[in-house]
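S.K.: Below is the file query_37.csv, which contains CSV, C-alpha atoms.
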chain,number,residue,atom,x,y,z
A,25,MET,CA,-11.0,-28.9,3.2
A,26,ALA,CA,-13.6,-26.4,2.4
A,27,ASP,CA,-17.3,-27.5,2.7
A,28,ARG,CA,-18.8,-27.9,-0.8
A,29,ALA,CA,-21.8,-25.8,0.1
A,30,ASN,CA,-20.0,-22.9,1.7
A,31,LEU,CA,-16.6,-21.1,2.0
A,32,PRO,CA,-16.5,-19.9,5.6
A,33,LEU,CA,-15.9,-16.2,5.0
A,34,ASN,CA,-15.6,-13.6,7.8
A,35,THR,CA,-19.2,-12.5,7.6
A,36,SER,CA,-18.8,-10.0,10.5
A,37,LEU,CA,-17.3,-7.6,7.9
A,38,PHE,CA,-20.6,-7.4,6.0
A,39,ARG,CA,-23.8,-5.6,6.8
A,40,PRO,CA,-27.2,-6.1,5.1
A,41,GLY,CA,-27.6,-3.5,2.4
A,42,ASP,CA,-23.9,-3.3,1.6
A,43,ARG,CA,-23.0,-3.0,-2.1
A,44,ILE,CA,-19.8,-4.9,-2.5
A,45,ALA,CA,-17.4,-5.1,-5.4
A,46,VAL,CA,-15.0,-8.0,-5.4
A,47,ALA,CA,-11.5,-7.2,-6.7
A,48,ALA,CA,-11.3,-10.0,-9.3
A,49,SER,CA,-7.9,-10.8,-10.7
A,50,ALA,CA,-8.8,-14.2,-12.2
A,51,GLY,CA,-6.6,-16.0,-9.7
A,52,ALA,CA,-7.8,-18.8,-7.4
A,53,ASP,CA,-8.3,-16.5,-4.4
A,54,SER,CA,-10.4,-13.8,-6.0
A,55,THR,CA,-12.3,-16.3,-8.1
A,56,SER,CA,-13.3,-18.3,-5.0
A,57,LEU,CA,-14.3,-15.0,-3.2
A,58,LEU,CA,-16.5,-14.0,-6.0
A,59,LEU,CA,-18.2,-17.4,-6.2
A,60,ALA,CA,-18.6,-17.7,-2.5
A,61,LEU,CA,-20.2,-14.2,-2.2
A,62,HIS,CA,-22.4,-15.0,-5.1
A,63,GLU,CA,-23.6,-18.1,-3.3
A,64,GLN,CA,-24.1,-16.3,0.0
A,65,ARG,CA,-25.3,-12.9,-1.2
A,66,VAL,CA,-29.0,-13.5,-0.5
A,67,ALA,CA,-28.3,-14.8,3.0
A,68,LEU,CA,-26.0,-11.8,3.7
A,69,GLY,CA,-28.4,-9.3,2.2
A,70,ILE,CA,-25.7,-7.7,0.0
A,71,GLY,CA,-25.5,-6.4,-3.5
A,72,LEU,CA,-22.6,-7.9,-5.5
A,73,SER,CA,-20.4,-6.7,-8.3
A,74,ALA,CA,-16.8,-7.1,-9.5
A,75,VAL,CA,-14.0,-4.9,-10.5
A,76,HIS,CA,-11.0,-5.8,-12.6
A,77,LEU,CA,-7.9,-3.7,-13.4
A,78,HIS,CA,-6.0,-4.5,-16.6
A,79,HIS,CA,-2.4,-3.7,-15.7
A,80,GLY,CA,-0.9,-4.0,-19.1
A,81,THR,CA,2.2,-5.6,-17.6
A,82,ARG,CA,2.0,-9.2,-18.9
A,83,GLY,CA,0.8,-8.9,-22.5
A,84,ALA,CA,-1.5,-11.6,-23.6
A,85,GLU,CA,-1.7,-13.1,-20.1
A,86,SER,CA,-3.2,-9.8,-18.9
A,87,ASP,CA,-5.8,-10.1,-21.7
A,88,ARG,CA,-6.5,-13.7,-20.7
A,89,ASP,CA,-7.2,-12.7,-17.1
A,90,ARG,CA,-9.6,-9.9,-18.2
A,91,ASP,CA,-11.4,-12.2,-20.6
A,92,PHE,CA,-11.7,-14.9,-17.8
A,93,VAL,CA,-13.2,-12.4,-15.4
A,94,GLN,CA,-15.6,-11.1,-18.0
A,95,ALA,CA,-16.8,-14.6,-18.8
A,96,LEU,CA,-17.2,-15.6,-15.1
A,97,CYS,CA,-19.2,-12.4,-14.3
A,98,ALA,CA,-21.4,-12.9,-17.4
A,99,ARG,CA,-22.1,-16.5,-16.3
A,100,LEU,CA,-22.9,-15.4,-12.7
A,101,ASP,CA,-24.9,-12.3,-13.9
A,102,VAL,CA,-22.6,-10.1,-11.8
A,103,PRO,CA,-22.0,-6.5,-12.9
A,104,LEU,CA,-18.4,-5.9,-13.8
A,105,ARG,CA,-16.4,-2.7,-13.8
A,106,LEU,CA,-13.4,-2.9,-16.1
A,107,ALA,CA,-10.5,-0.4,-16.0
A,108,GLU,CA,-7.1,-0.2,-17.6
A,109,SER,CA,-3.9,1.5,-16.4
A,110,ASP,CA,-0.5,1.8,-17.9
A,111,ILE,CA,1.4,0.5,-14.9
A,112,PRO,CA,4.9,0.6,-16.4
A,113,ALA,CA,4.4,4.3,-17.4
A,114,ALA,CA,3.0,5.1,-13.9
A,115,ALA,CA,5.9,3.4,-12.2
A,116,GLU,CA,8.5,5.3,-14.2
A,117,ALA,CA,6.8,8.6,-13.7
A,118,ASP,CA,6.5,8.2,-10.0
A,119,GLY,CA,9.7,6.4,-9.3
A,120,GLU,CA,8.0,3.3,-8.0
A,121,THR,CA,8.3,-0.4,-8.6
A,122,LEU,CA,5.8,-2.1,-10.8
A,123,GLU,CA,4.3,-3.7,-7.7
A,124,GLU,CA,3.9,-0.4,-5.9
A,125,ALA,CA,2.4,1.3,-9.0
A,126,ALA,CA,-0.1,-1.6,-9.5
A,127,ARG,CA,-1.2,-1.5,-5.9
A,128,ASN,CA,-1.6,2.3,-5.9
A,129,ALA,CA,-3.6,2.1,-9.2
A,130,ARG,CA,-5.9,-0.6,-7.6
A,131,LEU,CA,-6.5,1.4,-4.5
A,132,GLU,CA,-7.2,4.6,-6.5
A,133,LEU,CA,-9.7,2.6,-8.6
A,134,PHE,CA,-11.4,1.3,-5.4
A,135,ARG,CA,-11.5,4.8,-4.0
A,136,THR,CA,-13.1,6.1,-7.2
A,137,LEU,CA,-15.8,3.4,-7.1
A,138,MET,CA,-16.7,4.2,-3.5
A,139,LEU,CA,-16.6,7.9,-3.8
A,140,GLY,CA,-18.8,7.7,-6.9
A,141,GLY,CA,-21.4,5.8,-4.9
A,142,GLU,CA,-21.2,2.7,-7.1
A,143,VAL,CA,-20.4,0.5,-4.1
A,144,THR,CA,-20.1,0.9,-0.4
A,145,MET,CA,-17.0,-1.3,0.0
A,146,VAL,CA,-14.5,-3.4,-2.0
A,147,ALA,CA,-13.6,-6.9,-1.0
A,148,THR,CA,-10.1,-8.3,-1.7
A,149,ALA,CA,-9.1,-12.0,-1.5
A,150,HIS,CA,-6.1,-11.9,0.7
A,151,THR,CA,-5.6,-15.3,2.5
A,152,GLN,CA,-3.8,-16.6,5.6
A,153,ASP,CA,-0.9,-17.4,3.3
A,154,ASP,CA,-0.7,-13.8,2.1
A,155,GLN,CA,-0.8,-12.7,5.7
A,156,ALA,CA,2.1,-15.0,6.7
A,157,GLU,CA,4.2,-13.9,3.8
A,158,THR,CA,3.6,-10.3,4.6
A,159,VAL,CA,4.6,-10.7,8.3
A,160,LEU,CA,7.8,-12.5,7.2
A,161,ALA,CA,8.6,-9.8,4.6
A,162,LYS,CA,8.1,-7.1,7.3
A,163,LEU,CA,10.2,-9.0,9.8
A,164,LEU,CA,13.1,-9.5,7.3
A,165,ARG,CA,13.1,-5.8,6.5
A,166,GLY,CA,12.9,-4.8,10.1
A,167,ALA,CA,9.5,-3.6,11.4
A,168,TRP,CA,7.8,-2.0,14.4
A,169,THR,CA,4.9,-3.9,16.0
A,170,GLU,CA,2.5,-2.3,13.6
A,171,GLY,CA,4.4,-3.7,10.7
A,172,LEU,CA,4.1,-7.2,12.1
A,173,SER,CA,0.3,-6.7,12.2
A,174,GLY,CA,0.4,-7.4,8.5
A,175,ILE,CA,-2.7,-7.2,6.5
A,176,HIS,CA,-5.7,-5.8,8.4
A,177,PRO,CA,-9.2,-7.2,8.0
A,178,ILE,CA,-10.3,-3.7,7.0
A,179,LEU,CA,-8.3,-1.0,5.3
A,180,PHE,CA,-9.8,2.5,5.2
A,181,LEU,CA,-8.9,4.6,2.2
A,182,GLY,CA,-8.8,8.4,2.1
A,183,GLU,CA,-7.9,10.9,4.8
A,184,GLY,CA,-11.4,11.6,6.1
A,185,GLU,CA,-13.6,9.5,3.9
A,186,ARG,CA,-12.9,6.1,5.6
A,187,LEU,CA,-13.7,4.1,2.5
A,188,PRO,CA,-13.5,0.4,3.5
A,189,VAL,CA,-11.6,-2.3,1.7
A,190,ILE,CA,-12.4,-5.6,3.5
A,191,ARG,CA,-10.5,-8.9,3.5
A,192,PRO,CA,-13.0,-11.6,4.4
A,193,MET,CA,-10.6,-14.6,3.7
A,194,LEU,CA,-7.6,-13.7,5.9
A,195,HIS,CA,-8.3,-16.8,8.1
A,196,LEU,CA,-8.5,-19.2,5.1
A,197,SER,CA,-5.5,-21.1,3.5
A,198,ARG,CA,-4.8,-21.4,-0.2
A,199,VAL,CA,-5.4,-25.2,0.3
A,200,GLN,CA,-9.0,-24.4,1.4
A,201,VAL,CA,-9.5,-22.0,-1.4
A,202,GLU,CA,-8.4,-24.3,-4.1
A,203,ALA,CA,-10.3,-27.2,-2.6
A,204,PHE,CA,-13.4,-25.0,-2.7
A,205,LEU,CA,-12.9,-24.4,-6.5
A,206,GLU,CA,-12.0,-28.0,-7.3
A,207,ALA,CA,-15.1,-29.3,-5.5
A,208,ARG,CA,-17.2,-27.1,-7.9
A,209,GLY,CA,-15.2,-27.9,-11.0
A,210,GLU,CA,-14.3,-24.2,-11.3
A,211,ALA,CA,-11.2,-23.1,-13.2
A,212,TRP,CA,-8.9,-20.1,-12.4
A,213,CYS,CA,-5.9,-18.5,-14.0
A,214,GLU,CA,-2.3,-18.7,-12.8
A,215,ASP,CA,-0.2,-15.5,-12.8
A,216,SER,CA,3.2,-16.5,-14.3
A,217,SER,CA,4.9,-13.7,-12.5
A,218,ASN,CA,4.2,-15.5,-9.2
A,219,THR,CA,6.9,-18.0,-10.1
A,220,SER,CA,9.6,-15.4,-10.6
A,221,THR,CA,12.0,-15.4,-7.7
A,222,LYS,CA,13.2,-11.9,-8.5
A,223,HIS,CA,10.4,-10.6,-6.2
A,224,MET,CA,11.0,-10.9,-2.5
A,225,ARG,CA,7.4,-12.1,-1.8
A,226,ASN,CA,7.9,-15.0,-4.3
A,227,ARG,CA,11.2,-16.0,-2.7
A,228,ILE,CA,9.4,-16.1,0.7
A,229,ARG,CA,6.6,-18.1,-0.8
A,230,HIS,CA,8.6,-20.7,-2.8
A,231,ASP,CA,11.9,-20.9,-0.8
A,232,LEU,CA,11.4,-19.7,2.8
A,233,MET,CA,7.9,-20.8,3.7
A,234,PRO,CA,8.5,-24.5,2.7
A,235,LYS,CA,11.7,-24.5,4.9
A,236,MET,CA,9.8,-23.1,7.8
A,237,ARG,CA,7.0,-25.7,7.4
A,238,GLU,CA,9.7,-28.3,8.1
A,239,PHE,CA,10.0,-26.8,11.6
A,240,ASN,CA,6.3,-26.0,12.0
A,241,PRO,CA,3.7,-27.4,9.6
A,242,GLN,CA,1.3,-24.7,10.9
A,243,ILE,CA,3.7,-21.8,10.4
A,244,ALA,CA,1.2,-19.8,8.3
A,245,SER,CA,-1.4,-20.0,11.1
A,246,ALA,CA,1.2,-19.1,13.7
A,247,LEU,CA,2.3,-16.0,11.8
A,248,ALA,CA,-1.3,-15.0,11.2
A,249,THR,CA,-1.8,-15.2,15.0
A,250,THR,CA,1.3,-13.1,15.5
A,251,ALA,CA,-0.2,-10.5,13.2
A,252,GLU,CA,-3.5,-10.5,15.1
A,253,LEU,CA,-1.8,-10.0,18.4
A,254,ALA,CA,0.4,-7.2,17.0
A,255,ARG,CA,-2.7,-5.5,15.6
A,256,GLU,CA,-4.5,-5.7,19.0
A,257,GLU,CA,-1.4,-4.3,20.8
A,258,GLU,CA,-1.1,-1.5,18.3
A,259,ALA,CA,-4.8,-0.6,18.7
A,260,ARG,CA,-4.3,-0.3,22.5
A,261,TRP,CA,-1.2,1.8,22.2
A,262,ALA,CA,-2.8,4.1,19.6
A,263,ILE,CA,-5.5,5.1,22.1
A,264,GLU,CA,-2.9,5.9,24.7
A,265,ILE,CA,-0.7,7.9,22.4
A,266,GLU,CA,-3.7,9.9,21.0
A,267,ARG,CA,-4.6,10.8,24.6
A,268,LEU,CA,-1.1,11.9,25.5
A,269,LEU,CA,0.1,13.7,22.4
A,270,PRO,CA,-2.1,16.8,22.7
A,271,GLN,CA,-0.8,17.3,26.2
A,272,LEU,CA,2.8,17.0,25.2
A,273,LEU,CA,3.1,18.7,21.7
A,274,LEU,CA,4.0,22.4,21.8
A,275,PRO,CA,3.7,24.4,18.6
A,276,GLY,CA,6.7,26.5,17.2
A,277,LYS,CA,9.5,27.9,19.4
A,278,PRO,CA,9.5,29.6,22.8
A,279,VAL,CA,10.0,33.4,22.6
A,280,ARG,CA,11.6,35.8,25.1
A,281,GLY,CA,9.0,37.0,27.6
A,282,GLY,CA,6.8,34.0,27.3
A,283,GLY,CA,4.6,32.4,24.7
A,284,ARG,CA,5.6,30.7,21.5
A,285,ALA,CA,6.3,31.8,17.9
A,286,VAL,CA,4.5,29.7,15.3
A,287,GLY,CA,5.6,30.0,11.7
A,288,THR,CA,3.0,31.0,9.1
A,289,ALA,CA,5.0,30.1,6.0
A,290,SER,CA,3.1,27.8,3.6
A,291,GLY,CA,3.8,24.2,4.4
A,292,GLU,CA,5.8,24.9,7.6
A,293,SER,CA,5.1,22.3,10.3
A,294,ALA,CA,6.9,22.0,13.6
A,295,PHE,CA,6.4,20.7,17.1
A,296,SER,CA,8.4,20.7,20.3
A,297,LEU,CA,8.5,18.3,23.2
A,298,GLU,CA,9.7,19.2,26.7
A,299,ILE,CA,12.5,16.8,27.6
A,300,GLU,CA,11.7,16.8,31.3
A,301,ARG,CA,8.2,15.5,30.5
A,302,LEU,CA,9.6,12.7,28.5
A,303,ARG,CA,12.3,11.7,31.1
A,304,PRO,CA,9.9,9.9,33.6
A,305,MET,CA,8.5,7.8,30.8
A,306,ASP,CA,9.7,4.3,30.2
A,307,LEU,CA,11.5,3.6,26.9
A,308,PRO,CA,8.6,2.1,25.0
A,309,MET,CA,6.5,5.1,25.8
A,310,ARG,CA,9.2,7.6,24.8
A,311,ARG,CA,9.7,5.8,21.5
A,312,ARG,CA,6.0,5.9,20.7
A,313,ILE,CA,5.6,9.5,21.7
A,314,LEU,CA,8.4,10.5,19.4
A,315,ARG,CA,7.0,8.4,16.5
A,316,GLY,CA,3.5,9.8,17.2
A,317,ALA,CA,4.8,13.4,17.0
A,318,VAL,CA,6.7,12.7,13.8
A,319,LYS,CA,3.6,11.1,12.3
A,320,ARG,CA,1.7,14.3,13.0
A,321,LEU,CA,4.2,16.0,10.7
A,322,GLY,CA,3.3,13.5,8.0
A,323,LEU,CA,6.6,11.6,8.3
A,324,SER,CA,7.7,8.2,9.7
A,325,LEU,CA,10.6,7.0,11.9
A,326,SER,CA,12.8,3.9,11.6
A,327,ALA,CA,14.0,2.2,14.7
A,328,ALA,CA,17.5,3.6,14.1
A,329,ASP,CA,16.3,7.2,13.7
A,330,THR,CA,14.1,6.9,16.8
A,331,LEU,CA,17.2,6.0,18.8
A,332,ARG,CA,19.1,8.9,17.3
A,333,LEU,CA,16.3,11.3,18.4
A,334,LEU,CA,16.4,9.9,21.9
A,335,ARG,CA,20.1,10.3,22.0
A,336,LEU,CA,19.7,14.0,20.8
A,337,ALA,CA,17.3,14.5,23.7
A,338,GLY,CA,19.7,12.8,26.2
A,339,LEU,CA,17.2,10.1,26.7
A,340,ALA,CA,18.8,7.1,25.0
A,341,PRO,CA,19.1,3.9,27.1
A,342,ALA,CA,22.5,3.6,28.7
A,343,THR,CA,23.0,0.2,27.0
A,344,SER,CA,22.6,1.5,23.5
A,345,PRO,CA,25.7,1.6,21.3
A,346,VAL,CA,27.7,4.8,21.2
A,347,ASP,CA,26.9,7.1,18.2
A,348,PRO,CA,29.5,9.8,17.8
A,349,THR,CA,27.4,11.5,15.0
A,350,VAL,CA,24.7,12.6,17.5
A,351,SER,CA,25.3,15.0,20.4
A,352,ALA,CA,22.9,15.8,23.2
A,353,LYS,CA,24.4,19.3,23.7
A,354,VAL,CA,22.2,22.4,23.6
A,355,GLY,CA,22.0,23.7,20.0
A,356,ALA,CA,22.8,20.3,18.5
A,357,ARG,CA,20.9,19.4,15.3
A,358,LEU,CA,20.0,16.3,13.4
A,359,SER,CA,18.8,15.9,9.9
A,360,LEU,CA,17.1,12.7,8.9
A,361,GLY,CA,16.6,11.4,5.4
A,362,SER,CA,12.8,11.3,5.8
A,363,GLY,CA,12.7,15.1,5.7
A,364,LEU,CA,12.8,15.5,9.5
A,365,GLN,CA,14.9,18.2,11.2
A,366,ALA,CA,15.5,17.9,14.9
A,367,GLU,CA,17.1,20.5,17.2
A,368,ARG,CA,18.0,20.3,20.9
A,369,SER,CA,17.5,23.3,23.2
A,370,ALA,CA,18.0,23.6,26.9
A,371,ARG,CA,14.5,22.4,27.6
A,372,GLU,CA,13.0,21.0,24.4
A,373,LEU,CA,13.4,18.7,21.5
A,374,ARG,CA,12.1,20.6,18.4
A,375,LEU,CA,10.9,18.6,15.4
A,376,SER,CA,10.2,20.1,12.0
A,377,ARG,CA,9.5,18.9,8.5
A,378,THR,CA,11.9,20.3,5.9
A,379,ARG,CA,10.0,19.2,2.8
Once you've parsed the file, please lay out its structure as structure tokens.
M.R.:
Amino acid sequence: MADRANLPLNTSLFRPGDRIAVAASAGADSTSLLLALHEQRVALGIGLSAVHLHHGTRGAESDRDRDFVQALCARLDVPLRLAESDIPAAAEADGETLEEAARNARLELFRTLMLGGEVTMVATAHTQDDQAETVLAKLLRGAWTEGLSGIHPILFLGEGERLPVIRPMLHLSRVQVEAFLEARGEAWCEDSSNTSTKHMRNRIRHDLMPKMREFNPQIASALATTAELAREEEARWAIEIERLLPQLLLPGKPVRGGGRAVGTASGESAFSLEIERLRPMDLPMRRRILRGAVKRLGLSLSAADTLRLLRLAGLAPATSPVDPTVSAKVGARLSLGSGLQAERSARELRLSRTR
């Protein structure tokens, strides 16, 4: 149970002088984060505000949430930035789900606040339960190690701006959060969409997690630990791949007489890898080099497509299943749905982005 005087946030994410906006949705998690930071703001040496995005997806319930956040901020004397977005229209225009469109709208709002100098960081109220549900969702869909790393304590927005969104409650359970609010007699709003089992996350929350707790009552903590371990493993691999890639990636195509021809067409992007430099590497390193190269093209690789590229290069493990659609012959080509084109030459594996 949470101590009445304090909610144990991850204070290592804060620095004296930070101006922090809490993403306040009116739910229990964000309400507790706002209250806890309000109580601890002087000790932490931070400036505090809140931000609320009215999604327009739940009618009167969305209005209720906005009004709740407004009243709470007025009572705490916390500055509030209100914004509105037509999420259904954005989802239709961009071909996204409502959840994807809402997330993108929130992140763009956070980015705007930080780029405008209103705040130095945004804090969101993701909890250990959110972390566990995320890891399970990634596992069910099929994920690389970085997918199992789940929600990171810090998310940096922007290409070069590194605008921080922090998650100081990832180690706390919903039970702790609600106990913190109940000890203070504080109310919060329940989102009725959280009960709908048409969303995968809700099915995980209401159906799968209770079943898993029958096997391990501490399953949320165990999955959160898995995420932390995966995150640390990925950080270590990232350093190694960033060191090796510049030594391995060759621009364009080789030309007769030596040298390489690099395309100048707008948007053209291509790299080659020498197959004999990949051959001595173990399988995990080969996979990561390929995925790192493709990432440089602004694309991503599934596990299945990574295996297809290895097969094209003649470097697939002998135990992998036969795939008659992929040849390792010189001149063989492979088009992947992500927009990646691969071509096998006598010495190289050429990777290019087609769109």
S.K.: Contacts of range 366-370 of chain A at 9 Å or less, counting all atoms listed in the file, minus same-chain residues fewer than 4 places along, as a ChimeraX atom specification?
M.R.: /A:299,333,336-337,352-360,374-377
S.K.: Could you make a table, as JSON lines, of the residues of range 143-258 of chain A that have an atom within 12 Å of an atom of range 88-111 of chain A, each with its nearest atom pair and distance in Å to one decimal, counting only C-alpha atoms, in chain and number order?
M.R.:
{"residue": "A:Val143", "atom": "CA", "partner": "A:Arg105", "partner_atom": "CA", "distance": 11.0}
{"residue": "A:Val146", "atom": "CA", "partner": "A:Arg105", "partner_atom": "CA", "distance": 12.0}
{"residue": "A:Glu210", "atom": "CA", "partner": "A:Leu96", "partner_atom": "CA", "distance": 9.8}
{"residue": "A:Ala211", "atom": "CA", "partner": "A:Phe92", "partner_atom": "CA", "distance": 9.4}
{"residue": "A:Trp212", "atom": "CA", "partner": "A:Phe92", "partner_atom": "CA", "distance": 8.0}
{"residue": "A:Cys213", "atom": "CA", "partner": "A:Asp89", "partner_atom": "CA", "distance": 6.7}
{"residue": "A:Glu214", "atom": "CA", "partner": "A:Asp89", "partner_atom": "CA", "distance": 8.9}
{"residue": "A:Asp215", "atom": "CA", "partner": "A:Asp89", "partner_atom": "CA", "distance": 8.7}
{"residue": "A:Ser216", "atom": "CA", "partner": "A:Asp89", "partner_atom": "CA", "distance": 11.4}
S.K.: Take the selection from the previous step and output its residues with C-alpha atoms, as a JSON list (two decimals), in the coordinates of the input.
M.R.:
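This is the output file part-v9.json:
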[["chain", "number", "residue", "atom", "x", "y", "z"],
["A", 143, "VAL", "CA", -20.40, 0.50, -4.10],
["A", 146, "VAL", "CA", -14.50, -3.40, -2.00],
["A", 210, "GLU", "CA", -14.30, -24.20, -11.30],
["A", 211, "ALA", "CA", -11.20, -23.10, -13.20],
["A", 212, "TRP", "CA", -8.90, -20.10, -12.40],
["A", 213, "CYS", "CA", -5.90, -18.50, -14.00],
["A", 214, "GLU", "CA", -2.30, -18.70, -12.80],
["A", 215, "ASP", "CA", -0.20, -15.50, -12.80],
["A", 216, "SER", "CA", 3.20, -16.50, -14.30]]
S.K.: Nearest residue to Val189 in chain A out of A:Leu307, A:Ala203, A:Met138, A:Ile263, using all atoms listed in the file?
M.R.: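 Among the listed residues, the smallest separation from Val189 in chain A belongs to A:Met138.
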S.K.: Neighbouring residues of range 361-365 of chain A were defined as those with any atom within 10 Å, considering all atoms listed in the file; residues of the same chain fewer than 6 positions away were excluded. Please report them as a ChimeraX atom specification.
M.R.: /A:294,318,321-326,329,374-379
S.K.: Record the distance separating CA of Glu183 in chain A and CA of Ser49 in chain A, expressed in Å with one decimal.
M.R.: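 So the two atoms, CA of Glu183 in chain A and CA of Ser49 in chain A, lie 26.7 Å apart.
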S.K.: Can you measure CA of Thr169 in chain A to CA of Ser344 in chain A for me? One decimal in Å is fine.
M.R.: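 Here the two named atoms are 20.0 Å from each other.
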